[in-house]
Every structure is written in structure tokens, then in C-alpha cells.
file target21.txt (compact mmCIF, C-alpha atoms)
# COMPACT_ATOMS: atom_id res chain seq x y z
CA MET K 21 9.81 6.40 20.23
CA GLY K 22 11.38 3.08 21.15
CA ALA K 23 9.74 -0.32 21.05
CA VAL K 24 7.39 -1.51 23.77
CA VAL K 25 9.41 -4.13 25.66
CA ALA K 26 7.34 -7.21 26.49
CA ASP K 27 7.15 -8.35 30.09
CA GLY K 28 7.63 -12.09 29.69
CA ARG K 29 8.11 -12.62 33.40
CA GLY K 30 4.85 -10.89 34.27
CA LEU K 31 2.79 -12.86 31.76
CA ALA K 32 4.50 -16.10 32.76
CA SER K 33 3.66 -15.40 36.41
CA SER K 34 0.00 -14.91 35.48
CA ILE K 35 -0.05 -18.24 33.62
CA GLU K 36 1.60 -20.00 36.56
CA GLN K 37 -1.04 -18.58 38.90
CA ASP K 38 -3.75 -20.06 36.66
CA VAL K 39 -1.88 -23.38 36.67
CA SER K 40 -1.66 -23.26 40.48
CA ARG K 41 -5.43 -22.92 40.75
CA GLY K 42 -5.89 -25.85 38.38
CA VAL K 43 -3.44 -27.94 40.40
CA VAL K 44 -5.39 -27.25 43.60
CA GLU K 45 -8.59 -28.46 41.92
CA LEU K 46 -6.91 -31.65 40.71
CA VAL K 47 -5.34 -32.36 44.08
CA GLU K 48 -8.77 -31.98 45.71
CA SER K 49 -10.04 -34.62 43.28
CA GLY K 50 -7.24 -36.99 44.27
CA ILE K 51 -4.72 -36.36 41.46
CA MET K 52 -1.27 -34.90 42.15
CA PRO K 53 0.23 -33.55 38.91
CA HIS K 54 3.74 -34.98 38.58
CA LEU K 55 6.56 -33.98 36.22
CA ALA K 56 9.62 -36.21 35.82
CA VAL K 57 12.76 -34.63 34.37
CA VAL K 58 15.60 -36.78 33.07
CA ILE K 59 19.03 -35.19 32.74
CA VAL K 60 22.10 -36.95 31.37
CA GLY K 61 25.46 -35.65 32.54
CA GLU K 62 26.20 -32.40 34.37
CA ASP K 63 26.25 -29.68 31.74
CA PRO K 64 26.13 -26.41 33.75
CA ALA K 65 23.59 -24.69 31.47
CA SER K 66 21.32 -27.75 31.49
CA LEU K 67 21.50 -27.92 35.28
CA VAL K 68 20.40 -24.27 35.48
CA TYR K 69 17.45 -24.94 33.16
CA VAL K 70 16.43 -27.97 35.19
CA ARG K 71 16.59 -26.02 38.46
CA ASN K 72 14.39 -23.32 36.93
CA LYS K 73 11.83 -25.95 35.96
CA GLN K 74 11.89 -27.47 39.43
CA ARG K 75 11.34 -24.05 41.00
CA ALA K 76 8.39 -23.45 38.69
CA CYS K 77 6.91 -26.78 39.80
CA GLU K 78 7.27 -25.66 43.41
CA ARG K 79 5.51 -22.36 42.65
CA CYS K 80 2.64 -24.18 40.93
CA GLY K 81 2.30 -27.02 43.44
CA ILE K 82 3.35 -29.66 40.91
CA LYS K 83 5.35 -32.62 42.17
CA SER K 84 8.71 -32.88 40.41
CA THR K 85 11.15 -35.76 40.25
CA LEU K 86 14.67 -35.41 38.88
CA ILE K 87 16.32 -38.49 37.41
CA GLY K 88 20.04 -37.91 36.92
CA MET K 89 21.92 -40.23 34.59
CA PRO K 90 25.70 -40.33 34.20
CA GLU K 91 27.37 -38.79 31.18
CA GLY K 92 28.10 -41.57 28.73
CA SER K 93 24.69 -43.21 29.25
CA SER K 94 23.71 -45.04 26.09
CA GLN K 95 20.63 -44.35 24.01
CA GLU K 96 19.23 -47.70 25.13
CA GLU K 97 19.69 -46.74 28.79
CA VAL K 98 17.99 -43.37 28.32
CA ILE K 99 15.05 -44.96 26.50
CA GLU K 100 14.81 -47.65 29.19
CA THR K 101 14.45 -44.89 31.79
CA VAL K 102 11.77 -43.23 29.65
CA ASP K 103 9.91 -46.55 29.32
CA GLU K 104 9.86 -46.94 33.09
CA LEU K 105 8.35 -43.47 33.45
CA ASN K 106 5.82 -44.24 30.71
CA SER K 107 4.66 -47.20 32.80
CA ASP K 108 4.43 -45.22 36.05
CA ASP K 109 0.82 -44.06 36.40
CA SER K 110 1.82 -41.49 39.02
CA VAL K 111 3.91 -39.60 36.43
CA HIS K 112 1.92 -37.34 34.12
CA GLY K 113 4.69 -35.47 32.31
CA ILE K 114 8.11 -36.61 31.08
CA LEU K 115 10.87 -34.29 29.92
CA VAL K 116 14.37 -35.31 28.83
CA GLN K 117 16.65 -32.29 29.11
CA SER K 118 18.40 -31.31 25.88
CA PRO K 119 21.16 -31.48 24.77
CA ILE K 120 21.86 -35.11 25.60
CA PRO K 121 25.62 -35.72 25.59
CA GLY K 122 27.24 -38.56 23.70
CA ASP K 123 25.94 -40.64 20.84
CA VAL K 124 22.24 -40.37 21.63
CA ASP K 125 19.62 -39.64 18.98
CA GLU K 126 17.35 -37.06 20.62
CA LEU K 127 14.58 -37.68 18.09
CA GLU K 128 14.53 -41.36 19.06
CA VAL K 129 14.33 -40.41 22.72
CA ALA K 130 11.50 -37.92 22.07
CA SER K 131 9.67 -40.60 20.09
CA ALA K 132 9.95 -43.02 23.02
CA ILE K 133 8.02 -40.74 25.37
CA SER K 134 4.31 -41.51 25.54
CA PRO K 135 2.47 -38.81 23.53
CA ILE K 136 0.11 -38.19 26.45
CA LYS K 137 3.10 -37.53 28.76
CA ASP K 138 5.10 -35.56 26.19
CA VAL K 139 5.00 -32.17 27.92
CA ASP K 140 7.75 -30.84 25.63
CA GLY K 141 5.42 -31.44 22.66
CA PHE K 142 8.16 -33.04 20.54
CA HIS K 143 6.67 -36.50 19.96
CA PRO K 144 5.93 -37.09 16.24
CA ALA K 145 2.28 -37.69 17.10
CA ASN K 146 1.97 -34.28 18.77
CA LEU K 147 3.90 -32.47 16.04
CA GLY K 148 1.81 -34.37 13.48
CA ARG K 149 -1.38 -32.94 14.97
CA LEU K 150 0.01 -29.48 14.30
CA VAL K 151 0.64 -30.42 10.67
CA GLN K 152 -3.04 -31.37 10.48
CA GLY K 153 -3.99 -27.96 11.85
CA ASP K 154 -4.92 -29.28 15.29
CA ALA K 155 -3.43 -27.08 18.03
CA SER K 156 -5.49 -28.59 20.86
CA GLY K 157 -2.87 -31.07 22.07
CA LEU K 158 0.40 -30.76 23.97
CA LEU K 159 2.24 -28.02 22.08
CA PRO K 160 5.98 -27.29 22.03
CA CYS K 161 6.45 -24.88 24.91
CA THR K 162 8.57 -22.16 23.32
CA PRO K 163 6.41 -21.64 20.20
CA ALA K 164 3.26 -21.80 22.31
CA GLY K 165 4.74 -19.18 24.64
CA VAL K 166 5.58 -16.92 21.70
CA VAL K 167 2.03 -17.12 20.35
CA ARG K 168 0.66 -16.33 23.81
CA MET K 169 2.92 -13.29 24.05
CA LEU K 170 1.93 -12.01 20.61
CA GLU K 171 -1.76 -12.45 21.41
CA HIS K 172 -1.32 -10.68 24.74
CA SER K 173 0.49 -7.80 23.02
CA GLY K 174 -2.53 -7.09 20.85
CA ALA K 175 -0.67 -7.88 17.64
CA GLN K 176 -2.86 -8.32 14.56
CA LEU K 177 -1.96 -11.90 13.59
CA ARG K 178 -4.62 -12.62 11.00
CA GLY K 179 -3.14 -11.93 7.59
CA ALA K 180 0.11 -10.63 9.08
CA LYS K 181 3.35 -11.44 7.32
CA ALA K 182 5.59 -13.38 9.68
CA ALA K 183 9.22 -14.35 9.13
CA VAL K 184 10.47 -17.25 11.26
CA LEU K 185 14.26 -17.41 11.31
CA GLY K 186 15.24 -21.03 11.92
CA ARG K 187 13.67 -24.37 11.03
CA SER K 188 14.46 -26.62 14.01
CA ARG K 189 11.89 -29.16 15.15
CA ILE K 190 12.03 -27.56 18.60
CA VAL K 191 11.17 -23.98 17.65
CA GLY K 192 11.25 -22.94 14.00
CA MET K 193 9.07 -25.55 12.32
CA PRO K 194 6.36 -25.83 15.01
CA MET K 195 6.40 -22.02 15.34
CA SER K 196 5.64 -21.70 11.63
CA LEU K 197 2.81 -24.21 11.84
CA MET K 198 1.25 -22.55 14.87
CA LEU K 199 1.26 -19.12 13.25
CA ALA K 200 -0.34 -20.48 10.09
CA VAL K 201 -3.01 -22.60 11.81
CA LYS K 202 -6.66 -21.63 11.33
CA GLY K 203 -7.67 -19.10 13.95
CA ILE K 204 -4.28 -17.38 13.89
CA ASP K 205 -3.96 -17.19 10.10
CA ALA K 206 -0.61 -15.46 9.63
CA THR K 207 1.24 -15.75 6.32
CA VAL K 208 4.54 -17.38 7.22
CA THR K 209 7.95 -17.40 5.56
CA ILE K 210 10.53 -19.80 6.98
CA VAL K 211 14.04 -18.36 6.74
CA HIS K 212 17.01 -20.74 6.98
CA SER K 213 20.70 -21.02 6.14
CA ARG K 214 20.02 -21.42 2.41
CA SER K 215 17.52 -18.58 2.15
CA GLU K 216 18.34 -15.64 -0.09
CA ASP K 217 17.55 -11.96 0.48
CA VAL K 218 16.96 -12.58 4.19
CA GLU K 219 17.14 -8.88 5.01
CA THR K 220 14.45 -8.10 2.42
CA ILE K 221 12.19 -10.88 3.74
CA CYS K 222 12.51 -9.54 7.27
CA ARG K 223 11.99 -5.91 6.23
CA ASP K 224 8.75 -6.91 4.52
CA SER K 225 7.44 -8.72 7.61
CA ASP K 226 5.06 -7.49 10.26
CA ILE K 227 6.41 -10.09 12.71
CA ILE K 228 9.96 -11.43 13.00
CA ILE K 229 10.74 -14.43 15.18
CA ALA K 230 14.47 -15.10 15.50
CA ALA K 231 15.43 -18.61 16.64
CA ILE K 232 18.82 -19.38 15.10
CA GLY K 233 21.25 -19.15 18.01
CA ARG K 234 23.48 -16.54 16.39
CA PRO K 235 23.97 -13.44 18.56
CA ARG K 236 22.81 -10.03 17.27
CA THR K 237 21.98 -11.36 13.79
CA VAL K 238 18.83 -9.28 13.21
CA LYS K 239 19.95 -5.68 12.66
CA PRO K 240 17.87 -2.50 12.83
CA ASP K 241 17.90 -2.10 9.04
CA TRP K 242 16.30 -5.56 8.72
CA VAL K 243 13.19 -4.42 10.56
CA LYS K 244 10.07 -2.65 9.29
CA PRO K 245 9.23 0.35 11.50
CA GLY K 246 6.65 -0.70 14.06
CA ALA K 247 7.17 -4.46 13.54
CA TYR K 248 6.78 -7.06 16.28
CA VAL K 249 10.13 -8.74 16.99
CA VAL K 250 10.48 -11.91 19.08
CA ASP K 251 13.96 -12.96 20.19
CA VAL K 252 14.10 -16.68 21.02
CA GLY K 253 17.91 -16.95 20.96
CA ILE K 254 20.11 -16.68 24.01
CA SER K 255 23.90 -16.76 24.05
CA ARG K 256 26.50 -15.94 26.68
CA GLU K 257 29.10 -13.34 25.78
CA ASP K 258 32.74 -13.31 26.89
CA ASP K 259 31.93 -10.91 29.73
CA GLY K 260 29.25 -13.28 31.02
CA GLY K 261 26.31 -11.22 29.77
CA LEU K 262 23.39 -12.71 27.88
CA VAL K 263 22.42 -11.64 24.38
CA GLY K 264 19.79 -12.80 21.91
CA ASP K 265 19.62 -13.24 18.15
CA VAL K 266 18.38 -9.66 17.79
CA ASP K 267 20.62 -6.61 18.02
CA PRO K 268 19.37 -4.51 20.97
CA HIS K 269 19.35 -1.43 18.71
CA VAL K 270 16.36 -2.96 16.91
CA ALA K 271 14.34 -1.44 19.76
CA GLU K 272 14.82 1.93 18.04
CA VAL K 273 12.85 0.69 15.00
CA ALA K 274 10.47 -2.02 16.16
CA GLY K 275 7.11 -1.28 17.71
CA TRP K 276 7.27 -4.19 20.18
CA MET K 277 9.95 -6.68 21.08
CA THR K 278 10.90 -9.28 23.64
CA PRO K 279 13.93 -8.81 25.90
CA VAL K 280 16.77 -11.23 26.57
CA PRO K 281 16.65 -12.36 29.29
CA GLY K 282 13.14 -12.00 30.68
CA GLY K 283 11.17 -12.54 27.49
CA VAL K 284 10.56 -15.91 25.88
CA GLY K 285 12.47 -17.93 28.52
CA PRO K 286 10.00 -17.51 31.40
CA MET K 287 7.12 -18.16 29.01
CA THR K 288 8.64 -21.47 27.92
CA ILE K 289 8.70 -22.68 31.52
CA ALA K 290 5.17 -21.40 32.20
CA LEU K 291 3.83 -23.31 29.20
CA LEU K 292 5.66 -26.42 30.42
CA MET K 293 3.74 -26.10 33.68
CA GLU K 294 0.51 -25.66 31.71
CA ASN K 295 1.26 -28.75 29.61
CA THR K 296 1.93 -30.77 32.77
CA LEU K 297 -1.42 -29.73 34.21
CA THR K 298 -3.14 -30.62 30.92
CA ALA K 299 -1.45 -34.04 30.87
CA ALA K 300 -2.56 -34.69 34.45
CA ARG K 301 -6.14 -33.69 33.60
CA ASN K 302 -6.12 -36.06 30.64
CA SER K 303 -4.69 -39.00 32.59
call {"tool": "encode", "arguments": {"input": "target21.txt", "output": "C-alpha cells"}}
result
Amino acid sequence: MGAVVADGRGLASSIEQDVSRGVVELVESGIMPHLAVVIVGEDPASLVYVRNKQRACERCGIKSTLIGMPEGSSQEEVIETVDELNSDDSVHGILVQSPIPGDVDELEVASAISPIKDVDGFHPANLGRLVQGDASGLLPCTPAGVVRMLEHSGAQLRGAKAAVLGRSRIVGMPMSLMLAVKGIDATVTIVHSRSEDVETICRDSDIIIAAIGRPRTVKPDWVKPGAYVVDVGISREDDGGLVGDVDPHVAEVAGWMTPVPGGVGPMTIALLMENTLTAARNS
């Protein structure tokens, strides 16, 4: 039997419906949830991601504002734009689309966003809460979406061995913290470019989360039969098709896995909508 293929779009749609109901309640109380998205330059992939976020806002009834900045904008100019949005009481969520072209330190930009408007969950204060075991704040959207998918799948997380491939501040590190937090209680191994015996680590894991941006890296012989496999990566092949970090043949071994596309991507956007609603409620 092949793996159960997760329906990320279906679960994301359910979350967005819940967000829509919450938005209606807030609007009736006089608050219009408002997400501001800053994009620097005109990278085609970034423009697609931004359009997807705007469409999600429309589905949920959230007001969205797009602030386009020219390529070559300085770090000071980007942070000045962020500061203006921080001071605007009508804006509840701020997102600066990554990657930012040019000589701009994205960590500095993330740190400039007010923690209460940081709907990406990348501000040091929000990541620091995770380090303290507090998952009640604004969480990074992709890791939060992965946890939601695993919980929805019925996976046994408590005591499970989880291998997280990648240690970025956007996915890998917060993902590891969220899996290990009290209440989820997985035993986590972080796998990175200097790790040894990666295949053995993965084969010994009940859950594999691949977030390294290298197409088809996780092979079928890396995977324990029946394991839960989450593919966060997405790359475009020469023929225009999309592929993740996991070889599609892993489906012959795994018990459950996420597709690319249609898996983690829609969940990331749904959790962004949820974070925006939470930020508006807390304003």
C-alpha cells in the first residue's frame, strides 16, 4: 500500500473558514483586520506568493495593503517603511516578502517589525518565546502549519522520533522547537549540512520533515516503513514542474506524506491569515 497523501488544501480551506468567522465577529465589533505586505523589487516568484496571500485575505475578509518598493531600496528605506506601518494603528499585521534583493539584512528587517504585528513570527521576541517553551504567541507560519497537519493526520507525536532536515530560522529551527515543546513532546534531531549518517538518522525516525531546498534529496531507502514524511521544499524543474525535497517514490514506503504542490504551501498561507486575525484581536 502507498502512503496516505495529505490534503493540505482542504485543511487550509477549513482554517480559512474559521478565520472568516472570526473576522466577521471582529468587524461587527468595529475592528477591520488589516495585513500590510511589503515587497521590494519584482521577483516573479515573490509576486506569485504575494498574490496568493492577497487572495487569501479576500477569501477571509481581511483588508490587505501592498506596498511595493523599487529594487535597490536600501535597508534604511525598508526599515523606514516598516516603522511607518508599526505606527499605523489601522494595520494589525506586517509582512516583508522574502527574499529581499540587494544588500539588505533580513534579520534586521524582521527585528524592526513590532512583535505584536509580526504575523510571520520571525521577530526575536516571538522566536524567543518558543525557546522558553511558550507556543501561545505569533508562530512562524510554515512550522505551525506542519504541526497542524501532523495533528490532523492522527500522528502520535508524543515520544515520536522526529528528524528535521534544515536549521533555518524560518523553518528548521522553529520547527524543531515546536515539535519538542511541552504538549507535543517529540524527540527531535536537527539534521544539517555537517551532520553525519543522515540516512541512518532518517531511517530511525517516525517523522521526517525536509526543509533544505534540495530537490528529491530524501530517498525511499532513507524512510522507515509507515513513517510520516513532510515535504517543505519546493523547486522548479527545467520542464516547469514543481518538485519538493522528497523523492516522490517515498510514497511507496511512507505511511503518510505531504504532496508538492498542495501540501505545506496552502497551510502556510492559512496560518498567516490566522496570525493576522490573532494580531487584530490583540490590538
call {"tool": "residues_near_point", "arguments": {"input": "target21.txt", "point": "(24.3, -14.6, 24.0)", "cutoff": "12 Å", "atoms": "all atoms listed in the file", "output": "list in words"}}
result
Ile232, Gly233, Arg234, Pro235, Arg236, Thr237, Asp251, Val252, Gly253, Ile254, Ser255, Arg256, Glu257, Asp258, Asp259, Gly260, Gly261, Leu262, Val263, Gly264, Asp265, Val266, Asp267, Pro268, Val280 and Pro281 of chain K
call {"tool": "residues_around", "arguments": {"input": "target21.txt", "residues": "Ala290 in chain K", "least_positions_apart": "6", "cutoff": "9 Å", "atoms": "all atoms listed in the file", "output": "MDAnalysis selection string"}}
result
chainID K and resid 31:36 39 73 76 161 165
call {"tool": "closest_residue", "arguments": {"input": "target21.txt", "among": "K:Gly141, K:Pro194, K:Gly113, K:Gly186", "to": "His212 in chain K", "atoms": "only C-alpha atoms"}}
result
K:Gly186
call {"tool": "atom_distance", "arguments": {"input": "target21.txt", "atom1": "CA of Thr85 in chain K", "atom2": "CA of Ala65 in chain K"}}
result
18.8 Å
call {"tool": "residues_around", "arguments": {"input": "target21.txt", "residues": "Thr220 in chain K", "least_positions_apart": "3", "cutoff": "12 Å", "atoms": "only C-alpha atoms", "output": "number ranges by chain"}}
result
K: 183, 209, 211, 215-217, 223-225, 228, 238-239, 241-244
call {"tool": "closest_residue", "arguments": {"input": "target21.txt", "among": "K:Ile229, K:Val70, K:Ala274, K:Val151", "to": "Val25 in chain K", "atoms": "all atoms listed in the file"}}
result
K:Ala274
call {"tool": "atom_distance", "arguments": {"input": "target21.txt", "atom1": "CA of Gly122 in chain K", "atom2": "CA of Glu97 in chain K"}}
result
12.2 Å
call {"tool": "closest_residue", "arguments": {"input": "target21.txt", "among": "K:Pro121, K:Gly30, K:Glu48, K:Asp226", "to": "Ala180 in chain K", "atoms": "all atoms listed in the file"}}
result
K:Asp226
call {"tool": "atom_distance", "arguments": {"input": "target21.txt", "atom1": "CA of Ser40 in chain K", "atom2": "CA of Arg301 in chain K"}}
result
13.3 Å
call {"tool": "residues_around", "arguments": {"input": "target21.txt", "residues": "Met169 in chain K", "least_positions_apart": "4", "cutoff": "10 Å", "atoms": "all atoms listed in the file", "output": "list in words"}}
result
Ala26, Asp27, Gly28, Leu31, Ala32, Pro163, Ala164, Gly165, Ser173, Gly174, Ala175, Val250, Thr278, Gly283, Val284 and Met287 of chain K
call {"tool": "write_last_selection", "arguments": {"input": "target21.txt", "atoms": "C-alpha atoms", "output": "short mmCIF file (atom, residue, chain, number, x, y, z; two decimals), keeping the file's coordinate frame"}}
result
data_model
loop_
_atom_site.label_atom_id
_atom_site.label_comp_id
_atom_site.auth_asym_id
_atom_site.auth_seq_id
_atom_site.Cartn_x
_atom_site.Cartn_y
_atom_site.Cartn_z
CA ALA K 26 7.34 -7.21 26.49
CA ASP K 27 7.15 -8.35 30.09
CA GLY K 28 7.63 -12.09 29.69
CA LEU K 31 2.79 -12.86 31.76
CA ALA K 32 4.50 -16.10 32.76
CA PRO K 163 6.41 -21.64 20.20
CA ALA K 164 3.26 -21.80 22.31
CA GLY K 165 4.74 -19.18 24.64
CA SER K 173 0.49 -7.80 23.02
CA GLY K 174 -2.53 -7.09 20.85
CA ALA K 175 -0.67 -7.88 17.64
CA VAL K 250 10.48 -11.91 19.08
CA THR K 278 10.90 -9.28 23.64
CA GLY K 283 11.17 -12.54 27.49
CA VAL K 284 10.56 -15.91 25.88
CA MET K 287 7.12 -18.16 29.01
#
